[in-house]
$ cat input19.txt   # compact mmCIF, C-alpha atoms and all ligand atoms
# COMPACT_ATOMS: atom_id res chain seq x y z
CA MET A 3 159.38 123.42 83.24
CA LEU A 4 162.86 123.79 81.72
CA SER A 5 163.15 120.69 79.54
CA TYR A 6 166.27 118.48 79.37
CA GLY A 7 166.38 119.07 75.61
CA ARG A 8 164.58 121.07 72.97
CA GLN A 9 164.81 122.30 69.39
CA SER A 10 166.39 125.56 68.27
CA ILE A 11 164.35 127.19 65.48
CA THR A 12 165.26 130.36 63.55
CA GLU A 13 163.38 132.53 61.06
CA ALA A 14 165.48 130.90 58.32
CA ASP A 15 164.02 127.50 59.34
CA VAL A 16 160.49 128.92 59.26
CA ASP A 17 161.09 130.50 55.83
CA ALA A 18 162.49 127.23 54.44
CA VAL A 19 159.38 125.30 55.50
CA VAL A 20 156.99 128.01 54.28
CA ALA A 21 158.71 128.02 50.87
CA VAL A 22 157.94 124.30 50.52
CA LEU A 23 154.32 124.92 51.55
CA ARG A 24 154.05 127.35 48.63
CA SER A 25 155.72 124.89 46.20
CA ASP A 26 154.32 122.01 44.12
CA PHE A 27 155.67 119.23 46.30
CA LEU A 28 154.89 118.64 49.96
CA THR A 29 156.43 115.19 49.93
CA GLN A 30 158.95 113.40 47.71
CA GLY A 31 159.98 116.60 45.95
CA PRO A 32 163.39 118.16 45.38
CA MET A 33 164.20 118.90 49.05
CA THR A 34 164.69 115.30 50.16
CA PRO A 35 167.63 114.54 47.80
CA GLN A 36 169.14 117.95 48.61
CA PHE A 37 168.95 117.18 52.32
CA GLU A 38 170.41 113.70 51.71
CA GLN A 39 173.36 115.10 49.74
CA ALA A 40 174.06 117.75 52.38
CA LEU A 41 173.88 115.17 55.15
CA ALA A 42 176.22 112.78 53.32
CA ARG A 43 178.68 115.65 52.77
CA CYS A 44 178.53 116.61 56.43
CA CYS A 45 179.10 113.00 57.57
CA GLY A 46 181.73 112.21 54.95
CA SER A 47 179.75 109.22 53.66
CA ARG A 48 179.01 108.44 50.01
CA TYR A 49 175.24 108.09 50.51
CA ALA A 50 172.50 109.19 52.89
CA VAL A 51 168.91 107.95 52.80
CA ALA A 52 166.37 110.10 54.67
CA VAL A 53 163.33 108.47 56.26
CA SER A 54 160.37 109.27 58.50
CA HIS A 55 161.92 108.43 61.92
CA GLY A 56 165.15 107.20 63.47
CA THR A 57 163.23 104.05 64.33
CA ALA A 58 162.32 103.55 60.66
CA ALA A 59 165.99 104.06 59.78
CA LEU A 60 167.02 101.35 62.27
CA HIS A 61 164.38 98.99 60.87
CA LEU A 62 165.49 99.62 57.27
CA ALA A 63 169.15 99.14 58.25
CA CYS A 64 168.29 95.71 59.67
CA ARG A 65 166.25 94.85 56.54
CA GLY A 66 169.11 96.19 54.43
CA ILE A 67 171.49 93.51 55.68
CA GLY A 68 168.76 90.86 55.44
CA LEU A 69 168.41 90.32 59.20
CA GLY A 70 165.69 87.74 59.81
CA PRO A 71 164.47 84.76 61.83
CA GLY A 72 167.35 82.67 63.17
CA ASP A 73 169.69 85.71 63.23
CA ARG A 74 170.88 87.58 66.32
CA LEU A 75 171.52 91.29 66.80
CA TRP A 76 173.50 92.46 69.81
CA THR A 77 173.14 96.00 71.08
CA SER A 78 173.62 98.04 74.24
CA PRO A 79 171.14 97.78 77.11
CA ASN A 80 171.77 101.49 77.83
CA THR A 81 169.67 102.87 74.99
CA PHE A 82 166.18 103.71 73.82
CA VAL A 83 164.07 100.62 73.11
CA ALA A 84 164.15 101.29 69.33
CA SER A 85 167.77 100.02 69.10
CA ALA A 86 166.57 96.54 70.05
CA ASN A 87 163.04 96.61 68.63
CA CYS A 88 164.33 97.04 65.07
CA ALA A 89 165.71 93.49 65.12
CA ARG A 90 162.48 92.12 66.60
CA TYR A 91 160.53 93.72 63.70
CA CYS A 92 162.59 91.45 61.42
CA GLY A 93 161.94 88.33 63.51
CA ALA A 94 165.56 88.22 64.74
CA GLU A 95 166.69 87.54 68.31
CA VAL A 96 168.12 90.36 70.43
CA ASP A 97 170.87 90.15 73.02
CA PHE A 98 172.81 92.84 74.84
CA VAL A 99 176.44 93.65 75.60
CA ASP A 100 177.03 95.39 78.94
CA ILE A 101 178.48 98.89 79.07
CA ASP A 102 181.66 100.57 80.12
CA PRO A 103 180.55 102.62 83.16
CA ASP A 104 182.89 105.49 82.24
CA THR A 105 181.19 106.24 78.91
CA GLY A 106 177.82 104.45 79.03
CA ASN A 107 178.81 102.85 75.70
CA MET A 108 179.07 99.16 74.84
CA SER A 109 182.23 97.76 76.45
CA VAL A 110 184.63 96.35 73.86
CA ASP A 111 186.17 93.98 76.44
CA THR A 112 182.75 92.58 77.31
CA LEU A 113 181.91 92.29 73.61
CA ARG A 114 185.12 90.35 72.97
CA GLU A 115 184.44 87.93 75.84
CA LYS A 116 180.84 87.43 74.77
CA LEU A 117 181.95 86.73 71.18
CA GLU A 118 184.46 84.11 72.34
CA ALA A 119 181.72 82.34 74.30
CA ALA A 120 179.22 82.68 71.43
CA GLU A 121 181.68 81.22 68.94
CA ALA A 122 182.22 78.20 71.17
CA ALA A 123 178.44 77.78 71.53
CA GLY A 124 177.77 78.35 67.80
CA ARG A 125 175.61 81.40 68.57
CA LEU A 126 177.46 84.31 66.97
CA PRO A 127 175.46 87.46 66.10
CA ALA A 128 174.71 88.42 62.48
CA ALA A 129 174.96 92.08 63.48
CA VAL A 130 176.18 94.28 66.32
CA MET A 131 174.64 97.70 66.92
CA PRO A 132 176.81 99.97 69.06
CA VAL A 133 174.91 103.01 70.38
CA HIS A 134 176.81 106.29 70.69
CA PHE A 135 175.40 107.14 74.10
CA ALA A 136 174.84 110.85 74.82
CA GLY A 137 176.65 111.81 71.60
CA GLN A 138 180.04 110.15 72.17
CA SER A 139 181.17 107.55 69.62
CA CYS A 140 181.79 103.96 70.68
CA ALA A 141 185.23 102.44 70.08
CA MET A 142 184.39 101.79 66.42
CA ALA A 143 187.83 100.70 65.16
CA GLU A 144 187.98 97.91 67.76
CA ILE A 145 184.38 96.87 67.07
CA ALA A 146 185.08 96.76 63.32
CA THR A 147 188.14 94.56 63.93
CA LEU A 148 185.96 92.15 65.94
CA GLY A 149 183.37 92.31 63.14
CA ARG A 150 185.95 91.08 60.63
CA ARG A 151 187.20 88.37 63.01
CA TYR A 152 183.73 87.02 63.87
CA GLY A 153 181.88 87.84 60.65
CA PHE A 154 179.16 90.19 61.89
CA ARG A 155 177.82 93.36 60.26
CA VAL A 156 178.02 96.67 62.14
CA ILE A 157 175.16 99.18 62.27
CA GLU A 158 175.92 102.30 64.33
CA ASP A 159 172.99 103.73 66.25
CA ALA A 160 174.28 107.28 65.94
CA CYS A 161 170.93 108.87 66.83
CA HIS A 162 172.64 110.92 69.58
CA ALA A 163 175.81 111.72 67.71
CA LEU A 164 175.28 113.80 64.56
CA GLY A 165 178.02 116.43 64.68
CA GLY A 166 180.28 114.32 66.89
CA ARG A 167 183.73 113.13 65.82
CA TYR A 168 185.71 109.93 66.23
CA ARG A 169 189.46 109.79 65.51
CA ASP A 170 189.35 113.17 63.75
CA ALA A 171 186.54 112.17 61.38
CA PRO A 172 182.80 112.81 61.54
CA VAL A 173 180.49 110.23 63.09
CA GLY A 174 178.51 108.73 60.21
CA ASP A 175 181.39 108.38 57.73
CA CYS A 176 180.93 104.59 58.08
CA ARG A 177 184.67 103.98 57.96
CA HIS A 178 184.20 101.29 60.60
CA SER A 179 180.63 100.15 59.90
CA ASP A 180 178.15 99.17 57.22
CA MET A 181 175.71 101.92 58.12
CA ALA A 182 175.09 104.69 60.65
CA VAL A 183 171.60 105.68 61.73
CA PHE A 184 170.46 109.17 62.82
CA SER A 185 167.31 110.62 64.41
CA PHE A 186 166.05 114.18 63.92
CA HIS A 187 163.65 114.21 66.85
CA PRO A 188 163.42 117.73 68.39
CA VAL A 189 165.83 116.96 71.26
CA LYS A 190 168.60 115.86 68.86
CA THR A 191 171.43 118.01 67.47
CA ILE A 192 169.31 118.95 64.42
CA THR A 193 165.60 118.38 63.96
CA THR A 194 163.04 117.75 61.23
CA GLY A 195 160.20 117.34 63.78
CA GLU A 196 160.14 113.59 63.28
CA GLY A 197 162.75 112.11 60.95
CA GLY A 198 165.79 109.95 60.52
CA ALA A 199 168.47 108.89 58.06
CA ILE A 200 170.97 106.18 57.26
CA THR A 201 174.46 106.88 55.93
CA THR A 202 176.51 104.27 54.11
CA ASN A 203 179.34 103.93 51.57
CA ASP A 204 177.75 100.89 49.91
CA GLU A 205 175.88 101.79 46.73
CA ALA A 206 173.84 98.58 46.56
CA LEU A 207 172.81 98.98 50.19
CA ALA A 208 171.76 102.61 49.63
CA GLU A 209 169.65 101.53 46.66
CA ARG A 210 168.02 98.77 48.69
CA LEU A 211 167.24 101.19 51.54
CA ARG A 212 165.59 103.60 49.06
CA LEU A 213 163.52 100.77 47.63
CA LEU A 214 162.34 99.60 51.06
CA ARG A 215 161.55 103.19 52.10
CA GLY A 216 158.91 103.35 49.34
CA HIS A 217 156.90 100.09 49.62
CA GLY A 218 159.53 98.08 47.73
CA ILE A 219 158.26 99.70 44.53
CA THR A 220 160.49 100.51 41.57
CA ARG A 221 160.09 102.32 38.25
CA ASP A 222 163.78 101.90 37.50
CA ARG A 223 164.30 100.51 33.98
CA LYS A 224 167.41 98.59 35.06
CA ARG A 225 165.28 96.65 37.52
CA LEU A 226 162.42 96.21 35.06
CA GLY A 227 164.41 94.20 32.54
CA GLY A 228 165.79 97.23 30.70
CA SER A 229 162.61 98.95 29.59
CA ASN A 230 159.54 100.63 31.00
CA PRO A 231 157.39 101.45 27.99
CA ASP A 232 154.26 102.41 29.93
CA GLY A 233 154.36 105.66 31.86
CA TRP A 234 152.14 104.34 34.62
CA TYR A 235 153.99 101.09 35.17
CA TYR A 236 155.79 100.10 38.38
CA GLU A 237 156.62 96.86 40.12
CA GLN A 238 156.69 95.97 43.78
CA VAL A 239 159.79 93.80 43.98
CA ASP A 240 160.15 93.51 47.77
CA LEU A 241 158.04 94.07 50.90
CA GLY A 242 158.77 97.68 51.82
CA TYR A 243 157.13 100.44 53.85
CA ASN A 244 155.98 104.03 53.61
CA TYR A 245 158.93 105.49 55.50
CA ARG A 246 159.30 108.66 53.40
CA LEU A 247 160.41 111.96 54.88
CA THR A 248 158.24 114.85 53.62
CA ASP A 249 159.74 117.78 51.72
CA LEU A 250 158.55 120.05 54.54
CA GLN A 251 160.73 118.07 56.93
CA ALA A 252 163.65 117.85 54.51
CA ALA A 253 163.61 121.66 54.06
CA LEU A 254 163.74 122.10 57.83
CA GLY A 255 166.54 119.53 58.05
CA LEU A 256 168.57 121.26 55.32
CA SER A 257 168.19 124.61 57.04
CA GLN A 258 169.09 123.13 60.44
CA LEU A 259 172.11 121.36 58.99
CA GLN A 260 173.65 124.79 58.14
CA ARG A 261 173.80 125.35 61.92
CA LEU A 262 174.94 121.89 63.02
CA ASP A 263 178.43 123.14 63.94
CA ALA A 264 176.95 126.08 65.87
CA HIS A 265 174.53 123.75 67.70
CA VAL A 266 177.27 121.32 68.65
CA GLY A 267 179.62 124.20 69.57
CA ALA A 268 176.98 125.61 71.93
CA ARG A 269 176.45 122.14 73.43
CA ARG A 270 180.20 121.72 73.94
CA ASP A 271 180.44 125.12 75.67
CA LEU A 272 177.56 124.21 77.99
CA ALA A 273 179.13 120.83 78.76
CA ARG A 274 182.44 122.54 79.59
CA ARG A 275 180.66 124.92 81.98
CA TYR A 276 178.87 122.01 83.66
CA HIS A 277 182.26 120.27 84.12
CA GLU A 278 183.72 123.38 85.72
CA THR A 279 180.80 124.29 87.95
CA LEU A 280 179.96 120.74 89.07
CA ALA A 281 183.54 119.75 89.97
CA GLY A 282 183.81 118.87 93.64
CA LEU A 283 180.15 117.83 94.04
CA PRO A 284 179.36 114.19 94.94
CA LEU A 285 178.71 113.31 91.30
CA ALA A 286 180.49 111.29 88.61
CA LEU A 287 180.71 113.60 85.62
CA PRO A 288 180.58 112.34 82.01
CA ARG A 289 184.01 111.85 80.46
CA GLU A 290 185.09 112.41 76.87
CA SER A 291 187.48 109.74 75.66
CA PRO A 292 190.64 111.02 73.90
CA ASP A 293 189.47 109.48 70.59
CA CYS A 294 186.21 111.43 70.59
CA ALA A 295 184.64 114.85 70.35
CA SER A 296 181.14 114.26 71.68
CA ALA A 297 178.11 115.94 70.10
CA TRP A 298 176.85 116.31 73.70
CA HIS A 299 173.28 115.31 72.95
CA LEU A 300 172.90 114.57 76.68
CA TYR A 301 174.78 115.61 79.79
CA VAL A 302 174.35 112.65 82.17
CA VAL A 303 175.80 112.84 85.67
CA ARG A 304 175.74 109.95 88.13
CA VAL A 305 174.65 110.41 91.75
CA GLU A 306 177.16 107.98 93.18
CA ALA A 307 175.50 107.85 96.62
CA GLY A 308 172.89 105.59 95.00
CA ALA A 309 169.35 105.16 93.79
CA GLU A 310 167.60 106.68 96.81
CA GLN A 311 169.64 109.89 96.64
CA ARG A 312 169.21 110.06 92.87
CA ARG A 313 165.44 109.85 93.34
CA ALA A 314 165.54 112.67 95.94
CA VAL A 315 167.65 114.88 93.65
CA PHE A 316 165.40 114.11 90.67
CA GLU A 317 162.28 115.02 92.64
CA GLY A 318 163.89 118.12 94.17
CA LEU A 319 164.87 119.47 90.74
CA ARG A 320 161.55 118.58 89.09
CA GLY A 321 159.79 120.33 91.99
CA ALA A 322 161.88 123.42 91.26
CA GLY A 323 160.85 123.43 87.58
CA ILE A 324 163.97 121.75 86.15
CA GLY A 325 162.99 118.99 83.72
CA VAL A 326 165.77 116.53 84.52
CA GLN A 327 165.45 113.06 82.98
CA VAL A 328 166.92 109.58 83.36
CA HIS A 329 168.70 107.88 80.45
CA TYR A 330 168.14 104.94 80.30
CA ILE A 331 165.98 102.29 81.89
CA PRO A 332 167.99 99.27 80.63
CA VAL A 333 166.11 97.78 77.70
CA HIS A 334 166.35 94.20 78.98
CA LEU A 335 164.33 95.22 82.08
CA GLN A 336 161.31 96.30 80.02
CA PRO A 337 158.37 93.89 80.47
CA TYR A 338 158.45 92.95 76.77
CA TYR A 339 162.11 91.89 77.01
CA ARG A 340 161.61 90.17 80.39
CA ARG A 341 158.99 88.02 78.67
CA LEU A 342 161.75 87.00 76.25
CA GLY A 343 163.78 85.72 79.21
CA PHE A 344 165.95 88.65 80.37
CA ARG A 345 166.29 89.21 84.14
CA PRO A 346 167.58 91.85 86.58
CA GLY A 347 171.29 91.20 87.07
CA ASP A 348 171.91 90.19 83.45
CA PHE A 349 173.76 93.45 82.63
CA PRO A 350 174.94 94.83 85.97
CA GLN A 351 176.87 97.86 84.68
CA ALA A 352 173.84 99.16 82.75
CA GLU A 353 171.65 98.54 85.81
CA ARG A 354 174.07 100.42 88.09
CA HIS A 355 174.23 103.25 85.57
CA TYR A 356 170.43 103.43 85.53
CA ALA A 357 170.28 103.58 89.35
CA GLN A 358 172.57 106.64 89.43
CA ALA A 359 171.97 108.52 86.17
CA LEU A 360 170.50 112.00 85.98
CA THR A 361 170.29 113.98 82.73
CA LEU A 362 170.65 117.74 83.15
CA PRO A 363 169.15 120.25 80.67
CA LEU A 364 171.41 120.81 77.67
CA PHE A 365 170.34 122.42 74.40
CA PRO A 366 171.77 125.23 72.25
CA ASP A 367 169.45 127.98 73.48
CA LEU A 368 170.01 127.27 77.19
CA THR A 369 171.40 130.53 78.64
CA GLU A 370 174.34 130.85 81.01
CA THR A 371 171.99 132.31 83.65
CA GLU A 372 169.63 129.33 83.32
CA GLN A 373 172.56 126.94 83.52
CA ARG A 374 173.97 128.59 86.66
CA GLY A 375 170.47 128.40 88.19
CA ILE A 376 170.34 124.66 87.45
CA VAL A 377 173.73 124.14 89.08
CA ALA A 378 172.67 126.08 92.21
CA LEU A 379 169.47 124.03 92.52
CA LEU A 380 171.39 120.79 91.96
CA ARG A 381 173.83 121.75 94.71
CA GLU A 382 170.90 122.37 97.08
CA ALA A 383 169.18 119.12 96.08
CA LEU A 384 172.41 117.15 96.67
CA ASP A 385 172.79 118.73 100.12
CA GLY A 386 169.20 117.78 100.94
CA ALA A 387 169.64 114.26 99.59
CA GLY A 388 172.80 113.43 101.55
CA PRO A 389 172.96 110.21 103.56
CA ARG A 390 170.88 110.50 106.77
CA GLU A 391 172.72 110.46 110.13
C1 LIG B 401 169.55 105.87 70.76
C2 LIG B 401 168.28 106.07 70.00
N1 LIG B 401 167.97 105.21 69.01
C3 LIG B 401 166.85 105.36 68.28
C4 LIG B 401 165.95 106.37 68.52
C5 LIG B 401 164.69 106.47 67.71
O1 LIG B 401 164.60 107.66 66.96
P1 LIG B 401 163.19 108.28 66.56
O2 LIG B 401 162.57 108.84 67.80
O3 LIG B 401 163.54 109.32 65.56
O4 LIG B 401 162.36 107.19 65.96
C6 LIG B 401 166.23 107.29 69.52
C7 LIG B 401 165.30 108.40 69.77
O5 LIG B 401 165.07 108.91 70.80
C8 LIG B 401 167.41 107.13 70.29
O6 LIG B 401 167.71 107.98 71.30

$ encode --input "input19.txt" --output "structure tokens" --more "lines below"
Ligand SMILES: Cc1ncc(COP(=O)(O)O)c(C=O)c1O
Amino acid sequence: MLSYGRQSITEADVDAVVAVLRSDFLTQGPMTPQFEQALARCCGSRYAVAVSHGTAALHLACRGIGLGPGDRLWTSPNTFVASANCARYCGAEVDFVDIDPDTGNMSVDTLREKLEAAEAAGRLPAAVMPVHFAGQSCAMAEIATLGRRYGFRVIEDACHALGGRYRDAPVGDCRHSDMAVFSFHPVKTITTGEGGAITTNDEALAERLRLLRGHGITRDRKRLGGSNPDGWYYEQVDLGYNYRLTDLQAALGLSQLQRLDAHVGARRDLARRYHETLAGLPLALPRESPDCASAWHLYVVRVEAGAEQRRAVFEGLRGAGIGVQVHYIPVHLQPYYRRLGFRPGDFPQAERHYAQALTLPLFPDLTETEQRGIVALLREALDGAGPRE
């Protein structure tokens, strides 16, 4: 089965990991800070904190701003469940802001209207988490302006978007947010196997994230009243976690990061070819907004004829060995979130998007021949799935 996404691994990656295996440190050695510095440089942020998963990064970001019971976090319903779960881990409430159907991203107009209503009802969010769906940045400048007006913090879920750009600057520079969160799962633009990171320009926040990554334990003299006479001594000063990235993973990440531009370039070329070869078919193709250069983590088309045709096309392609996917089942429709009171119809644009969405294979090593084969099979599947006379 040709997967919708997969890693690209070179001999240089293998050598980098093997070198760590032969070194003194498998975890918490010199590779993690090197990876963090390289990532911060690449994103144009002052700090980067590497952790074990994107989900851990989202959780730490919420802890970093002190999100807790009585607080609300608003995110997109068109995302992976982790974008909402991170607030639930902190005991906060979650709500969603419906999407702009053209981009699959949180709609700024809907956000503005929801904020006006929430202000009147005294139920403003403590934080908003825009999700850069498929690798394309949300309208961050507008969201940041609303953040200042309504007093909420902004955490970007940029798990899809490492290597993407917004207004001629890299995603993750945190010019319009408190933090940006990345995932290095194998389908993403670079991988560490499992892994994640948070970028920020706030020194105190970066320090707090590092503390929480390692059980809330410190050996830092500054924090220990100016001295630490005993070599063994440490203090747990907060309730943290073991969210460390290993040095094996950091070495892979550092090696992969050297090829981020090449990976994203290959993704952009593939996306361009999909645009050209799919034009004229009964599909809505993904659009890049003029403010953005997408990292093209996903190429999501919409089968506008509807859910039944989408199902037929999905099954036709899967039957032919093409591992198409669907991104995303709206988070509010998951049984866990329905138990919290959400219902079908609450976020109609995300639900419509879900009914029509189909993710086509897109990853750097996908060949032109494979891609043309996918397009031919998709054409056939669409013909077969047309409305019945
Ligand atoms: C939008 C989004 N947020 C968060 C995550 C969680 O990342 P991880 O799998 O590294 O925990 C993912 C991963 O698939 C994601 O796509």

$ residues_near_ligand --input "input19.txt" --ligand "ligand LIG 401 (chain B)" --cutoff "8 Å" --atoms "only C-alpha atoms and all ligand atoms" --output "ChimeraX atom specification"
/A:54-60,81-85,133-135,159-162,184-187,196-198

$ residues_near_point --input "input19.txt" --point "(171.6, 126.5, 86.6)" --cutoff "10 Å" --atoms "all atoms listed in the file" --output "count of residues only"
19

$ residues_around --input "input19.txt" --residues "A:Arg48" --least-positions-apart "4" --cutoff "9 Å" --atoms "only C-alpha atoms" --output "MDAnalysis selection string"
chainID A and resid 39 42:43 175 201:205

$ residues_around --input "input19.txt" --residues "stretch 212-214 of chain A" --least-positions-apart "4" --cutoff "12 Å" --atoms "all atoms listed in the file" --output "ChimeraX atom specification"
/A:30,34-35,38,49-53,58-59,61-68,199-201,205-208,218-222,225,237-247

$ atom_distance --input "input19.txt" --atom1 "atom CA of A:Phe316" --atom2 "atom CA of A:Gln9"
22.8 Å

$ closest_residue --input "input19.txt" --among "A:Leu148, A:Cys140, A:Ala253, A:Val110" --to "A:Leu28" --atoms "only C-alpha atoms"
A:Ala253

$ closest_residue --input "input19.txt" --among "A:Leu69, A:Val96, A:Ala314, A:Ile157" --to "A:Ala128" --atoms "all atoms listed in the file"
A:Leu69

$ atom_distance --input "input19.txt" --atom1 "atom CA of A:Asn87" --atom2 "atom CA of A:Ala171"
29.1 Å

$ axis_aligned_box --input "input19.txt" --around "stretch 382-386 of chain A" --padding-each-side "8 Å" --output "AutoDock Vina command-line options"
--center_x 171.0 --center_y 119.8 --center_z 98.5 --size_x 19.6 --size_y 21.2 --size_z 20.9
